[in-house]
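Enquirer: Structure below; questions to follow.
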Amino acid sequence: MTLDDILSLSKRKGFVFQSSEIYGGLNGCWDFGPLGIELLRNIKDAWWKAMTYRPDIVGLDASILMHPRVWEASGHVQQFSDPMIDNKTSKARYRADNLIEERILALRNKKKTAEADAIEARLAAVQTNEDYYNIITEFAIPDPVSGTTEWTEVRNFNLMFKTFMGPVEDSGNAVYLRPETAQGIFVNFKNVMDSARMKPPFGIAQIGKSFRNEINTKNFLFRTREFEQMEMQFFIPPGTEGEWFEYWRQQRWDWFLSLGINPENLRRKPHDKLAHYAAAAEDIEFLYPFGWGEVEGIHSRTDFDLGRHQEFSGKKLEYVDTVSRERYTPYVIETAVGATRTFMAVLCDAYAEEHVQNDDGTSEVRNVLRLHPSLAPVTAAIFPLVNKDGLPEAAMKIYTELQRSFRVDYDTSGAIGRRYRRQDEVGTPFCITVDGDTTADGTVTLRDRDTMQQERVQADAIEEIIRRRIKR
Ligand code: GAP
């Protein structure tokens, strides 16, 4: 399976389209089509249920635009930047670290191991933008577009999108599109704790859009400029961060398994370098077609975020125990996962091409998305075997009843085998065929996507059967 297979399926079947495609597309932005939006919603629902259907976590939906001081307090204005370099001939712009990493990869592919090792050692020791520049010039790293080695100096490029609030484009009116949802949670910590009568340990969960002006977008949904995050900040008494970090790293790992993702495609990656305020941090990575990449980060962030917002806003963000009068600024364990990056992981994990034997002895390649039944965009498809003899009416009756509980499809065109294949390709776990016997004895054929086994069941038992199998 390659990234092109996933891109082609996404476009062909209506999972994901390039944004503004008829105008040539907009880099780093994607639109979710009819099937994609269902899969994305199902992933977000699964996360929301796992995180908030419990007594110690509540939800929030903060605005995307926030007071500009928020981003000063969080450190994003000063530090949320990548090292950028431009090639003087092609004018192409790169992240300096990515340019170097790709050169290392290219050298390794050409078996130039000594040079690759030397660059890698220098990259591991980088401290400043000048260090990046020196590597690029000393090793004559060429521009992948023009092949030339004339470079500008390396500059910091802030990843936040800036816009202006109100009718006047004045620097005093500048606001940012949020680059993460987390800050909306921190600034509402006290509002939520007081109104929902929570006390540490407790969490606040949020799903929403974030925006980063990434220098290079690539690999489909992996690194985009507009994306969706699902973040939860868990506020805890200081001194309990070790046990809660362990708890959340296990919970989050188990969540990916609950989505049916093959554990061989997942791994844990503790951070080598910790931010100065962090006590611990670990990523969960997925094996994408281009290699391993982060899908979620679990971070033990001490009282850094609440502390900074107290300092910048002048408002106390503490928990005060009503009985003991003990007061403290809670520590935070953060779980931060991309909804759109999880979408891509789920799609890649489910994608399969397999050889299947037809009834007549011939074989063919079957494209199938082995999505967990609870995530599949369409849960069941209903087919009348022929478009006469009362079968469409009987099939439509089943369709109408099932669509009250599930997203269902109704397909009358082509041979039954072709209809099965169409549903396999988009991951529909159940197909129901209505035939002559249905009108006689009320039974239908229920076909399983993965085993391709068919069984005869009572039409009025189907809803319960599907419900049970989705939960499995
Ligand atoms: N509040 C912490 C935070 O935002 P992050 O590691 O920068 O941490 C969390 O982002 C998750 O958001 C990532 O693990 C990834 O799944 C997703 N994410 C971050 N940048 C992204 C981008 N440019 N495109 C798609 N998803 C992204």
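Starting from 1 in every chain, residues are counted up; chains themselves are A, B, ... following the order of the structure tokens, and ligands are numbered from 1 as listed.
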Residues within 10 Å of Glu150 (chain A), please, as a PyMOL selection string. Count only C-alpha atoms; anything in the same chain fewer than 5 positions from it doesn't count.

Expert: chain A and resi 86-90+136-137+140-143

Enquirer: Contacts of region 359-365 of chain A at 12 Å or less, counting only C-alpha atoms, minus same-chain residues fewer than 2 places along, as a list in words?

Expert: Ala352, Glu353, Glu354, His355, Val356, Gln357, Asn367, Val368, Gly417, Arg418, Arg421, Asp424, Glu425 and Met452 of chain A

Enquirer: Could you dump the residues just selected with all heavy atoms as a short mmCIF file (atom, residue, chain, number, x, y, z; two decimals), in the first residue's frame?

Expert:
```cif
data_model
loop_
_atom_site.label_atom_id
_atom_site.label_comp_id
_atom_site.auth_asym_id
_atom_site.auth_seq_id
_atom_site.Cartn_x
_atom_site.Cartn_y
_atom_site.Cartn_z
N ALA A 352 -6.75 -2.74 2.34
CA ALA A 352 -6.20 -4.06 1.95
C ALA A 352 -6.60 -4.40 0.52
O ALA A 352 -7.67 -4.01 0.05
CB ALA A 352 -6.70 -5.14 2.90
N GLU A 353 -5.68 -5.07 -0.14
CA GLU A 353 -6.00 -5.65 -1.47
C GLU A 353 -5.75 -7.13 -1.32
O GLU A 353 -4.66 -7.52 -0.89
CB GLU A 353 -5.07 -5.09 -2.55
CG GLU A 353 -5.41 -3.69 -2.97
CD GLU A 353 -4.38 -3.11 -3.94
OE1 GLU A 353 -3.63 -3.87 -4.56
OE2 GLU A 353 -4.34 -1.88 -4.04
N GLU A 354 -6.73 -7.97 -1.65
CA GLU A 354 -6.51 -9.40 -1.45
C GLU A 354 -7.07 -10.20 -2.62
O GLU A 354 -8.00 -9.75 -3.30
CB GLU A 354 -7.15 -9.84 -0.13
CG GLU A 354 -8.61 -9.55 -0.05
CD GLU A 354 -9.25 -9.91 1.30
OE1 GLU A 354 -8.55 -9.88 2.31
OE2 GLU A 354 -10.44 -10.23 1.27
N HIS A 355 -6.48 -11.37 -2.83
CA HIS A 355 -6.97 -12.26 -3.89
C HIS A 355 -8.10 -13.09 -3.32
O HIS A 355 -7.96 -13.70 -2.27
CB HIS A 355 -5.85 -13.17 -4.38
CG HIS A 355 -4.90 -12.45 -5.27
ND1 HIS A 355 -5.09 -12.30 -6.61
CD2 HIS A 355 -3.76 -11.78 -4.97
CE1 HIS A 355 -4.11 -11.58 -7.12
NE2 HIS A 355 -3.28 -11.25 -6.14
N VAL A 356 -9.23 -13.09 -4.02
CA VAL A 356 -10.34 -13.92 -3.54
C VAL A 356 -10.79 -14.86 -4.65
O VAL A 356 -10.65 -14.56 -5.84
CB VAL A 356 -11.54 -13.06 -3.06
CG1 VAL A 356 -11.24 -12.36 -1.76
CG2 VAL A 356 -11.99 -12.08 -4.12
N GLN A 357 -11.32 -15.99 -4.21
CA GLN A 357 -11.78 -17.02 -5.13
C GLN A 357 -13.26 -16.78 -5.43
O GLN A 357 -14.05 -16.63 -4.50
CB GLN A 357 -11.61 -18.38 -4.42
CG GLN A 357 -11.46 -19.56 -5.32
CD GLN A 357 -10.06 -19.60 -5.96
OE1 GLN A 357 -9.11 -19.01 -5.44
NE2 GLN A 357 -9.96 -20.28 -7.10
N ASN A 367 -10.54 -5.10 -3.29
CA ASN A 367 -10.12 -3.96 -2.46
C ASN A 367 -11.09 -3.88 -1.30
O ASN A 367 -12.30 -3.80 -1.51
CB ASN A 367 -10.18 -2.65 -3.24
CG ASN A 367 -9.10 -2.57 -4.27
OD1 ASN A 367 -8.02 -3.16 -4.09
ND2 ASN A 367 -9.36 -1.90 -5.35
N VAL A 368 -10.54 -3.88 -0.10
CA VAL A 368 -11.43 -3.85 1.07
C VAL A 368 -10.84 -2.94 2.15
O VAL A 368 -9.63 -2.90 2.35
CB VAL A 368 -11.69 -5.29 1.59
CG1 VAL A 368 -10.43 -6.03 1.91
CG2 VAL A 368 -12.60 -5.28 2.81
N GLY A 417 -22.65 -9.44 -6.80
CA GLY A 417 -21.20 -9.49 -6.54
C GLY A 417 -20.56 -8.12 -6.67
O GLY A 417 -19.72 -7.73 -5.87
N ARG A 418 -20.97 -7.38 -7.69
CA ARG A 418 -20.40 -6.04 -7.89
C ARG A 418 -20.83 -5.09 -6.78
O ARG A 418 -20.08 -4.23 -6.35
CB ARG A 418 -20.85 -5.47 -9.25
CG ARG A 418 -20.19 -6.18 -10.42
CD ARG A 418 -20.57 -5.51 -11.72
NE ARG A 418 -20.01 -4.16 -11.80
CZ ARG A 418 -18.76 -3.90 -12.16
NH1 ARG A 418 -17.94 -4.91 -12.45
NH2 ARG A 418 -18.31 -2.67 -12.22
N ARG A 421 -18.65 -5.73 -3.84
CA ARG A 421 -17.30 -5.16 -4.02
C ARG A 421 -17.29 -3.65 -3.76
O ARG A 421 -16.36 -3.12 -3.18
CB ARG A 421 -16.79 -5.42 -5.45
CG ARG A 421 -16.49 -6.86 -5.74
CD ARG A 421 -15.23 -7.34 -5.02
NE ARG A 421 -14.99 -8.73 -5.33
CZ ARG A 421 -15.49 -9.78 -4.66
NH1 ARG A 421 -16.26 -9.58 -3.61
NH2 ARG A 421 -15.22 -11.00 -5.04
N ASP A 424 -17.36 -3.24 -0.09
CA ASP A 424 -16.09 -3.67 0.52
C ASP A 424 -15.07 -2.54 0.43
O ASP A 424 -14.32 -2.27 1.37
CB ASP A 424 -15.51 -4.88 -0.23
CG ASP A 424 -16.29 -6.15 0.02
OD1 ASP A 424 -17.09 -6.17 0.98
OD2 ASP A 424 -16.11 -7.12 -0.75
N GLU A 425 -15.05 -1.90 -0.74
CA GLU A 425 -14.03 -0.88 -1.00
C GLU A 425 -14.16 0.32 -0.07
O GLU A 425 -13.18 1.01 0.20
CB GLU A 425 -14.13 -0.44 -2.46
CG GLU A 425 -12.83 0.10 -2.97
CD GLU A 425 -12.87 0.50 -4.43
OE1 GLU A 425 -13.92 0.32 -5.07
OE2 GLU A 425 -11.85 1.01 -4.90
N MET A 452 -16.65 -12.67 4.29
CA MET A 452 -17.48 -12.83 3.09
C MET A 452 -18.50 -13.97 3.25
O MET A 452 -19.08 -14.45 2.29
CB MET A 452 -16.61 -13.05 1.84
CG MET A 452 -15.77 -11.83 1.52
SD MET A 452 -15.03 -11.88 -0.10
CE MET A 452 -13.82 -13.13 0.11
#
```

Enquirer: For ligand 1, list the contacting residues at 6 Å or closer, counting only C-alpha atoms and all ligand atoms, as number ranges by chain.

Expert: A: 180, 182, 212, 222-225, 227, 229, 294-297, 336-338, 341

Enquirer: Identify, with DSSP run on backbone atoms, the residues in region 247-469 of chain A assigned to helix (DSSP H, G or I), and express the list as JSON, numbers by chain.

Expert: {"A": [247, 248, 249, 250, 251, 252, 253, 254, 255, 256, 257, 258, 263, 264, 265, 304, 305, 306, 307, 308, 309, 310, 311, 312, 313, 339, 340, 341, 342, 343, 344, 345, 346, 347, 348, 349, 350, 391, 392, 393, 394, 395, 396, 397, 398, 399, 400, 401, 402, 416, 417, 418, 419, 420, 421, 422, 423, 424, 425, 426, 436, 437, 438, 439, 440, 441, 459, 460, 461, 462, 463, 464, 465, 466, 467, 468, 469]}

Enquirer: What gap, in Å, lies between CA of Ile465 (chain A) and CA of Leu446 (chain A)?

Expert: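 One can read the CA of Ile465 (chain A) to CA of Leu446 (chain A) distance as 9.9 Å.
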
Enquirer: I'd like the contact shell of Glu464 (chain A) - 12 Å cut-off, only C-alpha atoms, skipping same-chain residues fewer than 5 positions apart - returned as a PyMOL selection string.

Expert: chain A and resi 401-402+405-406+457-459+469-471

Enquirer: Could the residues of region 190-285 of chain A that have an atom at most 10 Å from region 5-25 of chain A be listed as a Markdown table, each with its closest atom pair and the distance in Å to one decimal, counting only C-alpha atoms and ordered by chain and ascending residue number?

Expert:
```
| residue | atom | partner | partner_atom | distance |
| --- | --- | --- | --- | --- |
| A:Asn219 | CA | A:Leu7 | CA | 9.7 |
| A:Phe220 | CA | A:Leu7 | CA | 7.5 |
| A:Leu221 | CA | A:Val16 | CA | 9.3 |
```
